[in-house]
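Colleague: The structure file my_file-v3.tsv (TSV, C-alpha atoms) is provided below.
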chain	number	residue	atom	x	y	z
A	1	MET	CA	96.31	176.71	126.26
A	2	VAL	CA	93.70	179.14	127.55
A	3	ARG	CA	93.86	181.05	124.27
A	4	VAL	CA	93.16	177.86	122.27
A	5	VAL	CA	90.11	177.08	124.41
A	6	ILE	CA	88.81	180.65	124.03
A	7	ILE	CA	89.31	180.52	120.23
A	8	ILE	CA	87.48	177.15	119.99
A	9	VAL	CA	84.58	178.47	122.12
A	10	VAL	CA	84.32	181.63	119.98
A	11	ILE	CA	84.34	179.56	116.76
A	12	LEU	CA	81.62	177.25	118.12
A	13	VAL	CA	79.48	180.23	119.19
A	14	LEU	CA	79.87	181.83	115.74
A	15	LEU	CA	78.97	178.55	113.98
A	16	GLY	CA	75.93	178.04	116.22
A	17	GLY	CA	74.77	181.63	115.69
A	18	GLY	CA	75.28	181.30	111.94
A	19	ALA	CA	73.27	178.07	111.81
A	20	PHE	CA	70.51	179.67	113.90
A	21	GLY	CA	70.43	182.68	111.54
A	22	VAL	CA	70.32	180.46	108.45
A	23	ALA	CA	67.52	178.40	110.00
A	24	HIS	CA	65.43	181.56	110.53
A	25	LEU	CA	66.24	183.42	107.33
A	26	MET	CA	66.44	180.50	104.87
A	27	PRO	CA	64.62	177.54	106.43
A	28	GLY	CA	64.73	175.43	103.27
A	29	VAL	CA	68.55	175.30	103.24
A	30	LEU	CA	69.06	173.23	106.37
A	31	PRO	CA	67.83	169.65	106.71
A	32	PRO	CA	64.56	169.39	108.69
A	33	ALA	CA	66.27	167.57	111.58
A	34	ILE	CA	68.74	170.42	112.15
A	35	SER	CA	66.02	173.07	111.83
A	36	THR	CA	63.99	171.26	114.47
A	37	LEU	CA	67.00	171.10	116.80
A	38	LEU	CA	67.43	174.87	116.44
A	39	GLY	CA	63.78	175.44	117.37
A	40	VAL	CA	62.58	176.35	113.88
A	41	PRO	CA	59.79	174.27	112.35
A	42	PRO	CA	60.84	172.76	109.02
A	43	SER	CA	59.75	174.69	105.95
A	44	GLU	CA	56.75	173.52	103.92
A	45	GLU	CA	59.11	172.56	101.10
A	46	ALA	CA	60.95	170.20	103.43
A	47	GLU	CA	57.71	168.65	104.70
A	48	HIS	CA	56.29	168.00	101.23
A	49	ASP	CA	59.24	166.38	99.51
A	50	ASP	CA	58.24	164.33	96.51
A	51	VAL	CA	57.94	160.87	97.98
A	52	PRO	CA	57.25	158.26	95.33
A	53	GLU	CA	53.91	156.54	95.69
A	54	VAL	CA	54.10	152.95	96.81
A	55	HIS	CA	52.06	150.61	94.64
A	56	PRO	CA	51.33	146.99	95.42
A	57	GLN	CA	53.99	144.67	94.07
A	58	ASP	CA	51.70	142.30	92.21
A	59	THR	CA	49.66	144.39	89.81
A	60	THR	CA	48.57	143.98	86.25
A	61	LEU	CA	47.19	146.34	83.66
A	62	VAL	CA	43.64	146.00	82.36
A	63	ASN	CA	43.18	147.58	78.94
A	64	VAL	CA	40.21	149.88	78.47
A	65	GLU	CA	39.33	150.13	74.80
A	66	PRO	CA	39.81	153.63	73.35
A	67	ILE	CA	36.90	155.90	74.22
A	68	THR	CA	35.78	158.67	71.86
A	69	ILE	CA	33.93	161.48	73.62
A	70	PRO	CA	32.28	164.31	71.66
A	71	LEU	CA	33.03	167.78	73.01
A	72	PHE	CA	30.38	170.44	72.47
A	73	THR	CA	30.62	174.17	71.84
A	74	ASP	CA	27.40	176.19	71.67
A	75	GLY	CA	25.31	173.02	71.56
A	76	GLU	CA	27.12	171.47	68.60
A	77	VAL	CA	29.89	168.90	68.41
A	78	ASP	CA	33.11	170.85	67.94
A	79	ARG	CA	35.78	168.15	68.40
A	80	PHE	CA	36.35	164.69	69.84
A	81	LEU	CA	38.40	163.67	72.86
A	82	ILE	CA	40.07	160.28	72.43
A	83	ILE	CA	41.05	158.51	75.66
A	84	HIS	CA	42.93	155.23	75.74
A	85	LEU	CA	43.89	154.11	79.22
A	86	TYR	CA	44.90	151.18	81.36
A	87	LEU	CA	43.68	150.40	84.85
A	88	GLU	CA	46.33	149.15	87.27
A	89	VAL	CA	44.74	146.38	89.33
A	90	ARG	CA	46.07	143.85	91.84
A	91	THR	CA	46.50	140.43	90.30
A	92	GLY	CA	44.04	137.76	91.31
A	93	PRO	CA	40.31	138.16	91.81
A	94	ASP	CA	40.43	141.96	91.36
A	95	VAL	CA	41.17	141.55	87.64
A	96	GLY	CA	38.00	139.53	87.12
A	97	ARG	CA	35.98	141.98	89.17
A	98	VAL	CA	37.27	144.93	87.11
A	99	ASN	CA	36.39	143.09	83.90
A	100	GLN	CA	32.89	142.44	85.26
A	101	LEU	CA	32.47	146.13	86.13
A	102	MET	CA	34.09	147.47	82.94
A	103	THR	CA	30.77	148.78	81.58
A	104	ARG	CA	30.24	150.86	84.73
A	105	ILE	CA	33.85	152.08	84.65
A	106	VAL	CA	33.58	153.21	81.02
A	107	ASP	CA	30.25	154.89	81.82
A	108	VAL	CA	31.86	156.80	84.71
A	109	ILE	CA	34.76	157.87	82.49
A	110	ILE	CA	32.47	159.15	79.74
A	111	THR	CA	29.93	160.81	82.04
A	112	HIS	CA	32.47	162.55	84.23
A	113	THR	CA	34.67	163.68	81.33
A	114	LEU	CA	31.62	165.16	79.57
A	115	ALA	CA	30.62	166.93	82.79
A	116	LEU	CA	34.11	168.40	83.22
A	117	ALA	CA	34.16	169.52	79.58
A	118	ALA	CA	30.72	171.15	79.95
A	119	LEU	CA	31.79	173.04	83.07
A	120	ASP	CA	34.70	174.58	81.16
A	121	ILE	CA	36.74	175.06	84.35
A	122	ASP	CA	40.46	175.46	84.75
A	123	PRO	CA	42.46	173.29	84.60
A	124	GLY	CA	39.71	171.02	83.30
A	125	ILE	CA	40.18	168.17	80.85
A	126	LYS	CA	43.20	169.79	79.23
A	127	ASP	CA	45.27	168.98	82.35
A	128	ARG	CA	45.99	165.26	82.37
A	129	ASN	CA	46.78	165.08	86.11
A	130	PHE	CA	43.57	166.90	87.02
A	131	LEU	CA	41.53	164.58	84.80
A	132	LYS	CA	43.32	161.53	86.19
A	133	GLU	CA	42.61	162.54	89.80
A	134	ARG	CA	38.92	163.20	89.10
A	135	LEU	CA	38.47	159.94	87.18
A	136	GLN	CA	40.26	157.95	89.92
A	137	GLU	CA	37.99	159.51	92.52
A	138	LYS	CA	34.82	158.74	90.54
A	139	ILE	CA	35.90	155.19	89.73
A	140	ASP	CA	36.67	154.60	93.43
A	141	GLN	CA	33.21	155.89	94.36
A	142	THR	CA	31.56	153.63	91.79
A	143	VAL	CA	33.39	150.31	92.14
A	144	GLY	CA	35.12	150.61	95.53
A	145	ASP	CA	38.21	152.29	96.92
A	146	ASP	CA	40.64	149.39	96.76
A	147	LEU	CA	39.83	147.91	93.37
A	148	VAL	CA	41.65	150.19	90.89
A	149	VAL	CA	45.15	151.10	92.11
A	150	ASP	CA	45.97	153.65	89.41
A	151	ILE	CA	44.90	154.98	86.02
A	152	LEU	CA	47.56	155.07	83.31
A	153	PHE	CA	46.94	157.04	80.13
A	154	GLN	CA	48.09	155.43	76.88
A	155	ASN	CA	46.72	158.23	74.67
A	156	LEU	CA	44.77	161.39	75.40
A	157	PHE	CA	44.20	163.79	72.53
A	158	GLU	CA	41.60	165.92	70.82
A	159	ARG	CA	40.64	165.48	67.19
A	160	PRO	CA	38.78	168.21	65.30
A	161	LEU	CA	35.45	167.43	63.70
A	162	GLY	CA	35.74	166.30	60.11
Please, can you express the file's structure as structure tokens?

Modeller:
Amino acid sequence: MVRVVIIIVVILVLLGGGAFGVAHLMPGVLPPAISTLLGVPPSEEAEHDDVPEVHPQDTTLVNVEPITIPLFTDGEVDRFLIIHLYLEVRTGPDVGRVNQLMTRIVDVIITHTLALAALDIDPGIKDRNFLKERLQEKIDQTVGDDLVVDILFQNLFERPLG
């Protein structure tokens, strides 16, 4: 009986030591709760899991007519950027407010896209997520933070001149 207890204690010590070693050497392998119990802060990968964004349940899409933006190289029009997008808006009075402010929204889209194209920075307008984040930020600054929930691209492409 004493031998069985000693064997169980040795196995538990080995398992605990192994888990502690794994937590220190490969922190992303163990779940964050176990890593925390072992005194190791969870890895950055565990803290930044892709959590889906929660959108309001009652939203509708407001169509923004396709926008053609000239892109310049050396002071001359080189190509055109065509943007067709939808604005996700809460149903109710927000839809009417967005329609009232549509001229301002289109102006912000054109102005900011031209500015990003002129800066010629990376990732710039070629990266859809970067462009989406910048446009969302500028639209929020112009019409209010809670009016437009999300921007959804229908089409985004460049067309050469001619």

Colleague: Counting only C-alpha atoms, which residue out of A:Leu25, A:Ile125, A:Met1, A:Val89 sits closest to His112 (chain A)?

Modeller: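 Nearest to His112 (chain A): A:Ile125.
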
Colleague: List every protein, DNA or RNA residue that has an atom no more than 12 Å from (37.9, 158.3, 92.5) in the file's coordinate frame, counting all atoms listed in the file, and report them as a PyMOL selection string.

Modeller: chain A and resi 105+108-109+112+130-151

Colleague: Give me, please, the distance in Å between CA of Pro31 (chain A) and CA of Leu14 (chain A), quoted to one decimal.

Modeller: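 Those two atoms sit 19.4 Å apart.
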
Colleague: Residues near Tyr86 (chain A), anyone? I mean within 7 Å using only C-alpha atoms, not counting same-chain ones fewer than 6 positions away, as a count of residues only.

Modeller: 8

Colleague: I'd like to know which of A:Ile110, A:Gly92, A:Gly75, A:Ile67 is closest to Asn155 (chain A), using only C-alpha atoms.

Modeller: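 Closest to Asn155 (chain A), using only C-alpha atoms: A:Ile67.
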
Colleague: By how many Å are CA of Glu88 (chain A) and CA of Thr59 (chain A) apart?

Modeller: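 Rounded to one decimal, the two atoms are 6.3 Å apart.
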
Colleague: Just how far from CA of Phe157 (chain A) is CA of His84 (chain A), in Å to one decimal?

Modeller: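 Computed distance, CA of His84 (chain A) to CA of Phe157 (chain A), equals 9.2 Å.
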
Colleague: Listed atoms of region 78-97 of chain A, axis-aligned box, 5 Å per side: centre and edge lengths to one decimal in Å, as JSON?

Modeller:
{"center_x": 39.8, "center_y": 154.3, "center_z": 79.9, "size_x": 23.4, "size_y": 43.1, "size_z": 33.9}

Colleague: Counting all atoms listed in the file, what is within 7 Å of Ile69 (chain A), bar same-chain residues fewer than 4 positions away, as a list in words?

Modeller: Phe80, Leu81, Ile82 and Ile110 of chain A

Colleague: Around (41.7, 168.1, 68.9), as given in the file, which residues come within 12 Å? Count only C-alpha atoms and list them as an mmCIF file with C-alpha atoms, in the coordinates of the input.

Modeller:
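Writing the result to out07.cif gives the following:
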data_model
loop_
_atom_site.group_PDB
_atom_site.id
_atom_site.type_symbol
_atom_site.label_atom_id
_atom_site.label_comp_id
_atom_site.auth_asym_id
_atom_site.auth_seq_id
_atom_site.Cartn_x
_atom_site.Cartn_y
_atom_site.Cartn_z
ATOM 1 C CA THR A 68 35.780 158.670 71.860
ATOM 2 C CA ILE A 69 33.930 161.480 73.620
ATOM 3 C CA PRO A 70 32.280 164.310 71.660
ATOM 4 C CA LEU A 71 33.030 167.780 73.010
ATOM 5 C CA VAL A 77 29.890 168.900 68.410
ATOM 6 C CA ASP A 78 33.110 170.850 67.940
ATOM 7 C CA ARG A 79 35.780 168.150 68.400
ATOM 8 C CA PHE A 80 36.350 164.690 69.840
ATOM 9 C CA LEU A 81 38.400 163.670 72.860
ATOM 10 C CA ILE A 82 40.070 160.280 72.430
ATOM 11 C CA ILE A 83 41.050 158.510 75.660
ATOM 12 C CA LYS A 126 43.200 169.790 79.230
ATOM 13 C CA LEU A 156 44.770 161.390 75.400
ATOM 14 C CA PHE A 157 44.200 163.790 72.530
ATOM 15 C CA GLU A 158 41.600 165.920 70.820
ATOM 16 C CA ARG A 159 40.640 165.480 67.190
ATOM 17 C CA PRO A 160 38.780 168.210 65.300
ATOM 18 C CA LEU A 161 35.450 167.430 63.700
ATOM 19 C CA GLY A 162 35.740 166.300 60.110
#

Colleague: Hey, which of A:Phe72, A:Glu65, A:Met102, A:Leu85 ends up closest to Leu116 (chain A)? Count all atoms listed in the file.

Modeller: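 Nearest to Leu116 (chain A): A:Phe72.
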
Colleague: Smallest atom-to-atom distance to Arg128 (chain A): which of A:Leu12, A:Thr113, A:Arg104, A:Asp94, using all atoms listed in the file?

Modeller: A:Thr113

Colleague: My structure is short of atoms at region 124-154 of chain A; please model N, CA and C atoms there, returning them as a PDB file, in the frame of the given file.

Modeller:
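Done, and the output landed in selection-v1.pdb:
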ATOM      1  N   GLY A 124      40.619 171.768  84.167  1.00  0.00           N
ATOM      2  CA  GLY A 124      39.710 171.020  83.300  1.00  0.00           C
ATOM      3  C   GLY A 124      40.339 169.814  82.640  1.00  0.00           C
ATOM      4  N   ILE A 125      39.743 169.409  81.509  1.00  0.00           N
ATOM      5  CA  ILE A 125      40.180 168.170  80.850  1.00  0.00           C
ATOM      6  C   ILE A 125      41.478 168.345  80.086  1.00  0.00           C
ATOM      7  N   LYS A 126      41.942 169.569  79.930  1.00  0.00           N
ATOM      8  CA  LYS A 126      43.200 169.790  79.230  1.00  0.00           C
ATOM      9  C   LYS A 126      44.401 169.392  80.099  1.00  0.00           C
ATOM     10  N   ASP A 127      44.217 169.362  81.416  1.00  0.00           N
ATOM     11  CA  ASP A 127      45.270 168.980  82.350  1.00  0.00           C
ATOM     12  C   ASP A 127      45.119 167.501  82.669  1.00  0.00           C
ATOM     13  N   ARG A 128      46.068 166.704  82.220  1.00  0.00           N
ATOM     14  CA  ARG A 128      45.990 165.260  82.370  1.00  0.00           C
ATOM     15  C   ARG A 128      45.959 164.829  83.833  1.00  0.00           C
ATOM     16  N   ASN A 129      46.764 165.457  84.697  1.00  0.00           N
ATOM     17  CA  ASN A 129      46.780 165.080  86.110  1.00  0.00           C
ATOM     18  C   ASN A 129      45.447 165.399  86.790  1.00  0.00           C
ATOM     19  N   PHE A 130      44.866 166.539  86.462  1.00  0.00           N
ATOM     20  CA  PHE A 130      43.570 166.900  87.020  1.00  0.00           C
ATOM     21  C   PHE A 130      42.509 165.883  86.603  1.00  0.00           C
ATOM     22  N   LEU A 131      42.490 165.551  85.307  1.00  0.00           N
ATOM     23  CA  LEU A 131      41.530 164.580  84.800  1.00  0.00           C
ATOM     24  C   LEU A 131      41.742 163.213  85.446  1.00  0.00           C
ATOM     25  N   LYS A 132      42.994 162.821  85.580  1.00  0.00           N
ATOM     26  CA  LYS A 132      43.320 161.530  86.190  1.00  0.00           C
ATOM     27  C   LYS A 132      42.823 161.456  87.628  1.00  0.00           C
ATOM     28  N   GLU A 133      43.063 162.524  88.407  1.00  0.00           N
ATOM     29  CA  GLU A 133      42.610 162.540  89.800  1.00  0.00           C
ATOM     30  C   GLU A 133      41.093 162.457  89.895  1.00  0.00           C
ATOM     31  N   ARG A 134      40.390 163.225  89.056  1.00  0.00           N
ATOM     32  CA  ARG A 134      38.920 163.200  89.100  1.00  0.00           C
ATOM     33  C   ARG A 134      38.385 161.841  88.689  1.00  0.00           C
ATOM     34  N   LEU A 135      38.946 161.260  87.628  1.00  0.00           N
ATOM     35  CA  LEU A 135      38.470 159.940  87.180  1.00  0.00           C
ATOM     36  C   LEU A 135      38.752 158.876  88.235  1.00  0.00           C
ATOM     37  N   GLN A 136      39.932 158.927  88.863  1.00  0.00           N
ATOM     38  CA  GLN A 136      40.260 157.950  89.920  1.00  0.00           C
ATOM     39  C   GLN A 136      39.270 158.068  91.061  1.00  0.00           C
ATOM     40  N   GLU A 137      38.943 159.293  91.442  1.00  0.00           N
ATOM     41  CA  GLU A 137      37.990 159.510  92.520  1.00  0.00           C
ATOM     42  C   GLU A 137      36.610 158.956  92.177  1.00  0.00           C
ATOM     43  N   LYS A 138      36.143 159.217  90.956  1.00  0.00           N
ATOM     44  CA  LYS A 138      34.820 158.740  90.540  1.00  0.00           C
ATOM     45  C   LYS A 138      34.784 157.226  90.381  1.00  0.00           C
ATOM     46  N   ILE A 139      35.853 156.652  89.861  1.00  0.00           N
ATOM     47  CA  ILE A 139      35.900 155.190  89.730  1.00  0.00           C
ATOM     48  C   ILE A 139      35.899 154.548  91.117  1.00  0.00           C
ATOM     49  N   ASP A 140      36.656 155.122  92.057  1.00  0.00           N
ATOM     50  CA  ASP A 140      36.670 154.600  93.430  1.00  0.00           C
ATOM     51  C   ASP A 140      35.287 154.673  94.069  1.00  0.00           C
ATOM     52  N   GLN A 141      34.559 155.760  93.816  1.00  0.00           N
ATOM     53  CA  GLN A 141      33.210 155.890  94.360  1.00  0.00           C
ATOM     54  C   GLN A 141      32.265 154.869  93.752  1.00  0.00           C
ATOM     55  N   THR A 142      32.484 154.521  92.494  1.00  0.00           N
ATOM     56  CA  THR A 142      31.560 153.630  91.790  1.00  0.00           C
ATOM     57  C   THR A 142      31.826 152.160  92.074  1.00  0.00           C
ATOM     58  N   VAL A 143      33.094 151.745  92.027  1.00  0.00           N
ATOM     59  CA  VAL A 143      33.390 150.310  92.140  1.00  0.00           C
ATOM     60  C   VAL A 143      34.091 149.933  93.434  1.00  0.00           C
ATOM     61  N   GLY A 144      34.451 150.900  94.260  1.00  0.00           N
ATOM     62  CA  GLY A 144      35.120 150.610  95.530  1.00  0.00           C
ATOM     63  C   GLY A 144      36.515 151.207  95.555  1.00  0.00           C
ATOM     64  N   ASP A 145      36.934 151.581  96.764  1.00  0.00           N
ATOM     65  CA  ASP A 145      38.210 152.290  96.920  1.00  0.00           C
ATOM     66  C   ASP A 145      39.440 151.464  96.582  1.00  0.00           C
ATOM     67  N   ASP A 146      39.416 150.186  96.873  1.00  0.00           N
ATOM     68  CA  ASP A 146      40.640 149.390  96.760  1.00  0.00           C
ATOM     69  C   ASP A 146      40.733 148.583  95.479  1.00  0.00           C
ATOM     70  N   LEU A 147      39.820 148.763  94.549  1.00  0.00           N
ATOM     71  CA  LEU A 147      39.830 147.910  93.370  1.00  0.00           C
ATOM     72  C   LEU A 147      40.826 148.390  92.313  1.00  0.00           C
ATOM     73  N   VAL A 148      40.745 149.640  91.908  1.00  0.00           N
ATOM     74  CA  VAL A 148      41.650 150.190  90.890  1.00  0.00           C
ATOM     75  C   VAL A 148      42.765 150.948  91.623  1.00  0.00           C
ATOM     76  N   VAL A 149      44.010 150.489  91.444  1.00  0.00           N
ATOM     77  CA  VAL A 149      45.150 151.100  92.110  1.00  0.00           C
ATOM     78  C   VAL A 149      45.525 152.422  91.457  1.00  0.00           C
ATOM     79  N   ASP A 150      45.548 152.454  90.121  1.00  0.00           N
ATOM     80  CA  ASP A 150      45.970 153.650  89.410  1.00  0.00           C
ATOM     81  C   ASP A 150      45.385 153.643  88.003  1.00  0.00           C
ATOM     82  N   ILE A 151      45.329 154.824  87.408  1.00  0.00           N
ATOM     83  CA  ILE A 151      44.900 154.980  86.020  1.00  0.00           C
ATOM     84  C   ILE A 151      46.116 155.426  85.230  1.00  0.00           C
ATOM     85  N   LEU A 152      46.411 154.736  84.145  1.00  0.00           N
ATOM     86  CA  LEU A 152      47.560 155.070  83.310  1.00  0.00           C
ATOM     87  C   LEU A 152      47.070 155.404  81.912  1.00  0.00           C
ATOM     88  N   PHE A 153      47.359 156.612  81.451  1.00  0.00           N
ATOM     89  CA  PHE A 153      46.940 157.040  80.130  1.00  0.00           C
ATOM     90  C   PHE A 153      47.884 156.484  79.065  1.00  0.00           C
ATOM     91  N   GLN A 154      47.329 155.848  78.049  1.00  0.00           N
ATOM     92  CA  GLN A 154      48.090 155.430  76.880  1.00  0.00           C
ATOM     93  C   GLN A 154      48.073 156.572  75.857  1.00  0.00           C
TER      94      GLN A 154
END
